[in-house]
Amino acid sequence: MSHHCVGLRAVLRPAAFLTAGALAVPLLAGCGSDEEASRPLAGQDIGLVARDKVTEGGTLKWAVDALPETLNAYQADADAGTTRVAQAVLPSMFRTDANGRPEANPAYLESAKVIETEPRQVVLYKLNQQAVWSDGREIGAADFAAQWRALSGKDSAYWTARNAGYDRIEKIERGSGDLQVRVTFSRPYADWKSLFSPLYPKDVTGTPDTFNDGARRKLDVTAGPFKVEKVDTAQKDVVLTRNPRWWGSPAKLNELVLHAVDRDKRASALADGTVQIADIDAADAARIKAASGSGGSPLQGGGKTSASKLRSWALAHGFDAEQVKVGRKKLRKAITRYLEQQEELRAFGVRKSLEPAYTQLALNGAGGTLGDERVRRAVARALDREELAKVVLTPLGLPAVPVGSHLALSGQDAYADGSGALGGPDVKEAQALLAEAGWVAGGPVKEQKPAEKAAGAEHGKGDEEKKSDGGKDGEYIVGEDDKAKRQEPAEERREKGDEGGKHLARDGRQYTGGAPGAYAPQGTAAPAGTATAPLAKDGKALDLRFVLPSGPGSQTLDTVAARISAMLAKVGIGTTITKVSDESYFKDHIASGDYDLALYSWPSSAFPATDARPIYGKPIPAADGSVNIEQNYTRVGTDQVDQLFDQAAATLDEDEARDLIRKADSRIWAAAASIPLFQRPELVGVRKDVVNAGAFGFRTPVYEDMGFLKKGAKIAPGPTASK
């Protein structure tokens, strides 16, 4: 599972990290003449070639995490697969460019602009004269109006995930011709470019029944280079075929098949031809790279090899501790299969960039220890974010630059490093903040009740995580004195699958996208580092519960969490790491407030004033005593941040909107509840002859150009990371 709050455009409409995992405003203008615009830290790596070098026909099989539960991107259970289908088969008035900025999509728009601001804001869309739905009907005002009514929030019969922007529309009318659409807003809305992307036909949005159920497993009417041929639940496939009514450059592929493959089975799926392109983790990327080498094998020579040597070789080549706990014959068979797959993986390469998403350390400020802003600020000042970025990105050959904004990434117009509002790493300052908050080194500590819940948890009794013997779920307290019991020889740790963080896999896509302890796996050593004396206050030790997912691909989070724990130990803050299942990580822990510290990711947006407001807006108490947090899982917000978001969303002055977003980001930094760490690596395993596909970075994929390289043609060298 990808631990990435999938939200924002894809699942802030839909709400997916929520898949830990997982996650629209003024078009923020370019920076003024008095400042230098930022650039993306890494460019696209997609095997870019001209269309005339792409073979006509063929089927490209592309791995997705799961078969989409719905093809309606505006429903709560939409996910990244839903978004991928929508991009290939539906109109989007705007798409993102290489810098993460919205740009008009010429396939559907001749132009779109604000033509009036008084007494009301009016946007005029002039549609491409050739744009038609697959049933032959022109795309027009009726489709815009039906989508507005469905998403406006005025009719509760429509099961929508959110209504941002659509609730500001007053009316939609046909313009001077059939290909013109006039949208009048009841109040200014700078994020109008976020709307109608994707646009569904009125056949889907026209009634609650068709909206709620009609587009979950089929889309009969589409308007993109592809159309939905079928959703095959048995084969776990979404089959897209060429749209014969597409008016643009025809799709090179006959078929594009999205096939559900578990993250821990991606390398095998590539090797056996199940898919030709798949997002992968760092361990699989290293395996693909190794396949092009000529490494030796313990089976060479045909003679007998001892079980211990086989196990050592297997562990060194990515096998986990459970896989080597078999007899010698079974292990030889597994190694043989591995080597056969390595031979097949020679046909693949790794394309890499940085995702338009960042991983953060979240601090639960609902109450208790982290309800004190001084303690949150101390945690933040104890962190060396540059070191954490290097741990994850340097081994992958990607720029290891800490993220400086909650609301934009380098290359986007709104980006500016606002971390100065909080301050850089400073152990002495962190200790001073803790002392000011009343935490005393070596103070008396009363015995605490076991399995104490994190502050802010909303679970009932009996909801404790099931404790294990260290195989899957487990807990260790960083900084305990019985290090001799925990620190085992390196050889034994490798036997148990702990290689000191060498295998950096994908980290927290809810990324937003779903969502990514209590007990660490047996043999997990406490992080190294010089710790100060533990701090205490009112008889309670300063110990924070650090909750992490335990499923496939969580190794990077484990490594980062270990480094963070060591940094906190240096200022006297203890951490208890709790490993929980991927399935329960967001639902039962992050969303419910059952954590002190957590790692997960948010995608960036071209429209932060709209899309980021639910994440950083101030929680609102309800009359029944509950609190509406929307997607603000840290439960920390201020009236000032809300006001800045509201002002940015309402101003049509692009420079002013950008400045307001940057001010909001500075206030979010100062609250110290969300600490951006690094931009997420984007690693994609791709068959070497697949072109115009791979690590897309910010830019929206061009599906009609994807395909297979013609014989004799060559792919130009991919872009390198920006210096």
# chains A, B, ... in the order shown; residues from 1 in each chain; ligands from 1
>>> residues_around(residues="Lys218 in chain A", least_positions_apart="3", cutoff="8 Å", atoms="only C-alpha atoms", output="JSON, numbers by chain")
{"A": [71, 214, 215, 228, 230, 231]}
>>> select_by_dssp(residues="range 99-159 of chain A", states="helix (DSSP H, G or I)", output="list in words")
Ala141, Ala142, Asp143, Phe144, Ala145, Ala146, Gln147, Trp148, Arg149, Ala150 and Leu151 of chain A
>>> write_last_selection(atoms="all heavy atoms", output="mmCIF file, in the first residue's frame")
data_model
loop_
_atom_site.group_PDB
_atom_site.id
_atom_site.type_symbol
_atom_site.label_atom_id
_atom_site.label_comp_id
_atom_site.auth_asym_id
_atom_site.auth_seq_id
_atom_site.Cartn_x
_atom_site.Cartn_y
_atom_site.Cartn_z
ATOM 1 N N ALA A 141 -22.922 23.309 -22.737
ATOM 2 C CA ALA A 141 -23.377 23.910 -21.487
ATOM 3 C C ALA A 141 -24.206 22.948 -20.651
ATOM 4 O O ALA A 141 -24.174 23.003 -19.417
ATOM 5 C CB ALA A 141 -24.172 25.178 -21.783
ATOM 6 N N ALA A 142 -24.958 22.067 -21.288
ATOM 7 C CA ALA A 142 -25.801 21.126 -20.535
ATOM 8 C C ALA A 142 -24.962 20.218 -19.643
ATOM 9 O O ALA A 142 -25.374 19.866 -18.532
ATOM 10 C CB ALA A 142 -26.650 20.294 -21.491
ATOM 11 N N ASP A 143 -23.788 19.838 -20.109
ATOM 12 C CA ASP A 143 -22.902 18.983 -19.311
ATOM 13 C C ASP A 143 -22.311 19.759 -18.141
ATOM 14 O O ASP A 143 -22.228 19.245 -17.019
ATOM 15 C CB ASP A 143 -21.782 18.433 -20.192
ATOM 16 C CG ASP A 143 -22.314 17.657 -21.385
ATOM 17 O OD1 ASP A 143 -22.946 16.616 -21.170
ATOM 18 O OD2 ASP A 143 -22.103 18.111 -22.525
ATOM 19 N N PHE A 144 -21.908 21.004 -18.393
ATOM 20 C CA PHE A 144 -21.384 21.861 -17.322
ATOM 21 C C PHE A 144 -22.457 22.088 -16.250
ATOM 22 O O PHE A 144 -22.191 21.993 -15.046
ATOM 23 C CB PHE A 144 -20.940 23.208 -17.898
ATOM 24 C CG PHE A 144 -19.606 23.183 -18.591
ATOM 25 C CD1 PHE A 144 -19.452 22.532 -19.803
ATOM 26 C CD2 PHE A 144 -18.507 23.814 -18.033
ATOM 27 C CE1 PHE A 144 -18.228 22.522 -20.455
ATOM 28 C CE2 PHE A 144 -17.274 23.804 -18.682
ATOM 29 C CZ PHE A 144 -17.133 23.150 -19.901
ATOM 30 N N ALA A 145 -23.666 22.377 -16.690
ATOM 31 C CA ALA A 145 -24.746 22.673 -15.745
ATOM 32 C C ALA A 145 -25.115 21.447 -14.915
ATOM 33 O O ALA A 145 -25.349 21.550 -13.701
ATOM 34 C CB ALA A 145 -25.966 23.200 -16.498
ATOM 35 N N ALA A 146 -25.175 20.297 -15.548
ATOM 36 C CA ALA A 146 -25.525 19.081 -14.815
ATOM 37 C C ALA A 146 -24.473 18.757 -13.763
ATOM 38 O O ALA A 146 -24.801 18.360 -12.637
ATOM 39 C CB ALA A 146 -25.686 17.914 -15.794
ATOM 40 N N GLN A 147 -23.197 18.944 -14.106
ATOM 41 C CA GLN A 147 -22.138 18.668 -13.123
ATOM 42 C C GLN A 147 -22.198 19.675 -11.979
ATOM 43 O O GLN A 147 -21.990 19.310 -10.811
ATOM 44 C CB GLN A 147 -20.768 18.706 -13.796
ATOM 45 C CG GLN A 147 -19.618 18.363 -12.856
ATOM 46 C CD GLN A 147 -18.445 17.752 -13.577
ATOM 47 O OE1 GLN A 147 -18.597 16.807 -14.342
ATOM 48 N NE2 GLN A 147 -17.257 18.263 -13.326
ATOM 49 N N TRP A 148 -22.456 20.932 -12.291
ATOM 50 C CA TRP A 148 -22.591 21.944 -11.233
ATOM 51 C C TRP A 148 -23.714 21.573 -10.267
ATOM 52 O O TRP A 148 -23.525 21.605 -9.048
ATOM 53 C CB TRP A 148 -22.864 23.311 -11.875
ATOM 54 C CG TRP A 148 -23.499 24.307 -10.941
ATOM 55 C CD1 TRP A 148 -23.085 24.661 -9.698
ATOM 56 C CD2 TRP A 148 -24.701 25.057 -11.195
ATOM 57 N NE1 TRP A 148 -23.946 25.597 -9.147
ATOM 58 C CE2 TRP A 148 -24.935 25.857 -10.051
ATOM 59 C CE3 TRP A 148 -25.572 25.138 -12.279
ATOM 60 C CZ2 TRP A 148 -26.039 26.710 -9.963
ATOM 61 C CZ3 TRP A 148 -26.653 26.000 -12.190
ATOM 62 C CH2 TRP A 148 -26.884 26.774 -11.036
ATOM 63 N N ARG A 149 -24.871 21.205 -10.782
ATOM 64 C CA ARG A 149 -26.001 20.865 -9.894
ATOM 65 C C ARG A 149 -25.670 19.653 -9.035
ATOM 66 O O ARG A 149 -26.044 19.591 -7.856
ATOM 67 C CB ARG A 149 -27.251 20.612 -10.730
ATOM 68 C CG ARG A 149 -27.758 21.848 -11.470
ATOM 69 C CD ARG A 149 -29.114 21.610 -12.122
ATOM 70 N NE ARG A 149 -29.506 22.739 -12.960
ATOM 71 C CZ ARG A 149 -29.387 22.768 -14.286
ATOM 72 N NH1 ARG A 149 -28.892 21.711 -14.930
ATOM 73 N NH2 ARG A 149 -29.765 23.827 -14.976
ATOM 74 N N ALA A 150 -24.959 18.691 -9.611
ATOM 75 C CA ALA A 150 -24.623 17.483 -8.852
ATOM 76 C C ALA A 150 -23.629 17.784 -7.729
ATOM 77 O O ALA A 150 -23.712 17.195 -6.641
ATOM 78 C CB ALA A 150 -24.041 16.429 -9.788
ATOM 79 N N LEU A 151 -22.699 18.703 -7.977
ATOM 80 C CA LEU A 151 -21.616 18.946 -7.027
ATOM 81 C C LEU A 151 -21.790 20.208 -6.193
ATOM 82 O O LEU A 151 -20.933 20.525 -5.372
ATOM 83 C CB LEU A 151 -20.282 19.033 -7.779
ATOM 84 C CG LEU A 151 -19.885 17.805 -8.606
ATOM 85 C CD1 LEU A 151 -18.557 18.041 -9.310
ATOM 86 C CD2 LEU A 151 -19.801 16.560 -7.735
#
>>> closest_atom_pairs(of="range 636-702 of chain A", to="range 614-621 of chain A", cutoff="12 Å", atoms="only C-alpha atoms", output="Markdown table")
| residue | atom | partner | partner_atom | distance |
| --- | --- | --- | --- | --- |
| A:Val636 | CA | A:Lys618 | CA | 6.3 |
| A:Gly637 | CA | A:Lys618 | CA | 3.8 |
| A:Thr638 | CA | A:Lys618 | CA | 5.3 |
| A:Asp639 | CA | A:Lys618 | CA | 6.6 |
| A:Gln640 | CA | A:Lys618 | CA | 9.3 |
| A:Val641 | CA | A:Gly617 | CA | 7.0 |
| A:Asp642 | CA | A:Gly617 | CA | 5.6 |
| A:Gln643 | CA | A:Gly617 | CA | 9.4 |
| A:Leu644 | CA | A:Gly617 | CA | 10.3 |
| A:Phe645 | CA | A:Gly617 | CA | 8.5 |
| A:Asp646 | CA | A:Gly617 | CA | 10.3 |
| A:Ala664 | CA | A:Tyr616 | CA | 9.5 |
| A:Asp665 | CA | A:Tyr616 | CA | 9.5 |
| A:Arg667 | CA | A:Tyr616 | CA | 10.3 |
| A:Ile668 | CA | A:Tyr616 | CA | 7.5 |
| A:Trp669 | CA | A:Tyr616 | CA | 10.7 |
| A:Ala671 | CA | A:Tyr616 | CA | 10.3 |
| A:Ala672 | CA | A:Tyr616 | CA | 11.5 |
| A:Ala673 | CA | A:Tyr616 | CA | 9.5 |
| A:Ser674 | CA | A:Tyr616 | CA | 9.1 |
>>> write_last_selection(atoms="C-alpha atoms", output="PDB file, in the first residue's frame")
ATOM      1  CA  VAL A 636      -4.286  22.112  14.958  1.00  0.00           C
ATOM      2  CA  GLY A 637      -5.496  25.213  13.148  1.00  0.00           C
ATOM      3  CA  THR A 638      -5.934  28.943  13.585  1.00  0.00           C
ATOM      4  CA  ASP A 639      -8.486  31.542  12.563  1.00  0.00           C
ATOM      5  CA  GLN A 640      -5.730  33.487  10.829  1.00  0.00           C
ATOM      6  CA  VAL A 641      -4.816  30.579   8.536  1.00  0.00           C
ATOM      7  CA  ASP A 642      -8.491  30.098   7.658  1.00  0.00           C
ATOM      8  CA  GLN A 643      -8.817  33.787   6.826  1.00  0.00           C
ATOM      9  CA  LEU A 644      -5.759  33.712   4.591  1.00  0.00           C
ATOM     10  CA  PHE A 645      -7.114  30.701   2.705  1.00  0.00           C
ATOM     11  CA  ASP A 646     -10.475  32.413   2.273  1.00  0.00           C
ATOM     12  CA  ALA A 664      -0.709  31.010   5.270  1.00  0.00           C
ATOM     13  CA  ASP A 665       2.167  28.574   4.906  1.00  0.00           C
ATOM     14  CA  ARG A 667       1.512  30.476   9.922  1.00  0.00           C
ATOM     15  CA  ILE A 668       1.180  26.713   9.443  1.00  0.00           C
ATOM     16  CA  TRP A 669       4.925  26.318  10.003  1.00  0.00           C
ATOM     17  CA  ALA A 671       1.956  26.114  14.577  1.00  0.00           C
ATOM     18  CA  ALA A 672       4.432  23.196  14.323  1.00  0.00           C
ATOM     19  CA  ALA A 673       1.854  20.456  13.857  1.00  0.00           C
ATOM     20  CA  SER A 674       2.920  19.333  10.389  1.00  0.00           C
TER      21      SER A 674
END
>>> atom_distance(atom1="CA of Pro676 in chain A", atom2="CA of Ser592 in chain A")
21.3 Å
>>> closest_residue(among="A:Asp79, A:Glu118, A:Asp45, A:Glu103", to="Gly694 in chain A", atoms="only C-alpha atoms")
A:Asp45
>>> atom_distance(atom1="CA of Asp155 in chain A", atom2="CA of Arg216 in chain A")
19.7 Å
>>> select_by_dssp(residues="range 40-253 of chain A", states="strand (DSSP E or B)", output="PyMOL selection string")
chain A and resi 45+54+59-64+94-96+102-104+109-116+122-127+132+138+169-174+180-185+226-232+237-242
>>> closest_residue(among="A:Phe185, A:Gln631, A:Gln341, A:Gly153", to="Glu116 in chain A", atoms="only C-alpha atoms")
A:Phe185
>>> atom_distance(atom1="CA of Tyr189 in chain A", atom2="CA of Ala649 in chain A")
5.8 Å
>>> residues_around(residues="Ile675 in chain A", least_positions_apart="2", cutoff="12 Å", atoms="only C-alpha atoms", output="number ranges by chain")
A: 358-364, 376-385, 388, 402-407, 418-419, 421-424, 564, 597-602, 634, 665-666, 668-673, 677-678
>>> residues_around(residues="range 181-184 of chain A", least_positions_apart="2", cutoff="10 Å", atoms="only C-alpha atoms", output="ChimeraX atom specification")
/A:112,114-117,120-127,140-145,148,168-179,186-188,192
>>> closest_atom_pairs(of="range 226-289 of chain A", to="range 537-557 of chain A", cutoff="10 Å", atoms="only C-alpha atoms", output="JSON lines")
{"residue": "A:Asp262", "atom": "CA", "partner": "A:Pro552", "partner_atom": "CA", "distance": 8.9}
{"residue": "A:Arg263", "atom": "CA", "partner": "A:Pro552", "partner_atom": "CA", "distance": 6.8}
{"residue": "A:Asp264", "atom": "CA", "partner": "A:Pro552", "partner_atom": "CA", "distance": 5.8}
{"residue": "A:Lys265", "atom": "CA", "partner": "A:Pro552", "partner_atom": "CA", "distance": 9.6}
{"residue": "A:Ile280", "atom": "CA", "partner": "A:Gly553", "partner_atom": "CA", "distance": 9.1}
{"residue": "A:Asp281", "atom": "CA", "partner": "A:Gly553", "partner_atom": "CA", "distance": 6.7}
{"residue": "A:Ala282", "atom": "CA", "partner": "A:Thr556", "partner_atom": "CA", "distance": 8.9}
{"residue": "A:Ala283", "atom": "CA", "partner": "A:Gly553", "partner_atom": "CA", "distance": 9.0}
>>> residues_around(residues="Tyr703 in chain A", least_positions_apart="6", cutoff="12 Å", atoms="only C-alpha atoms", output="number ranges by chain")
A: 46, 51, 60, 84-90, 224-227, 240-243, 248-256, 691-694, 696
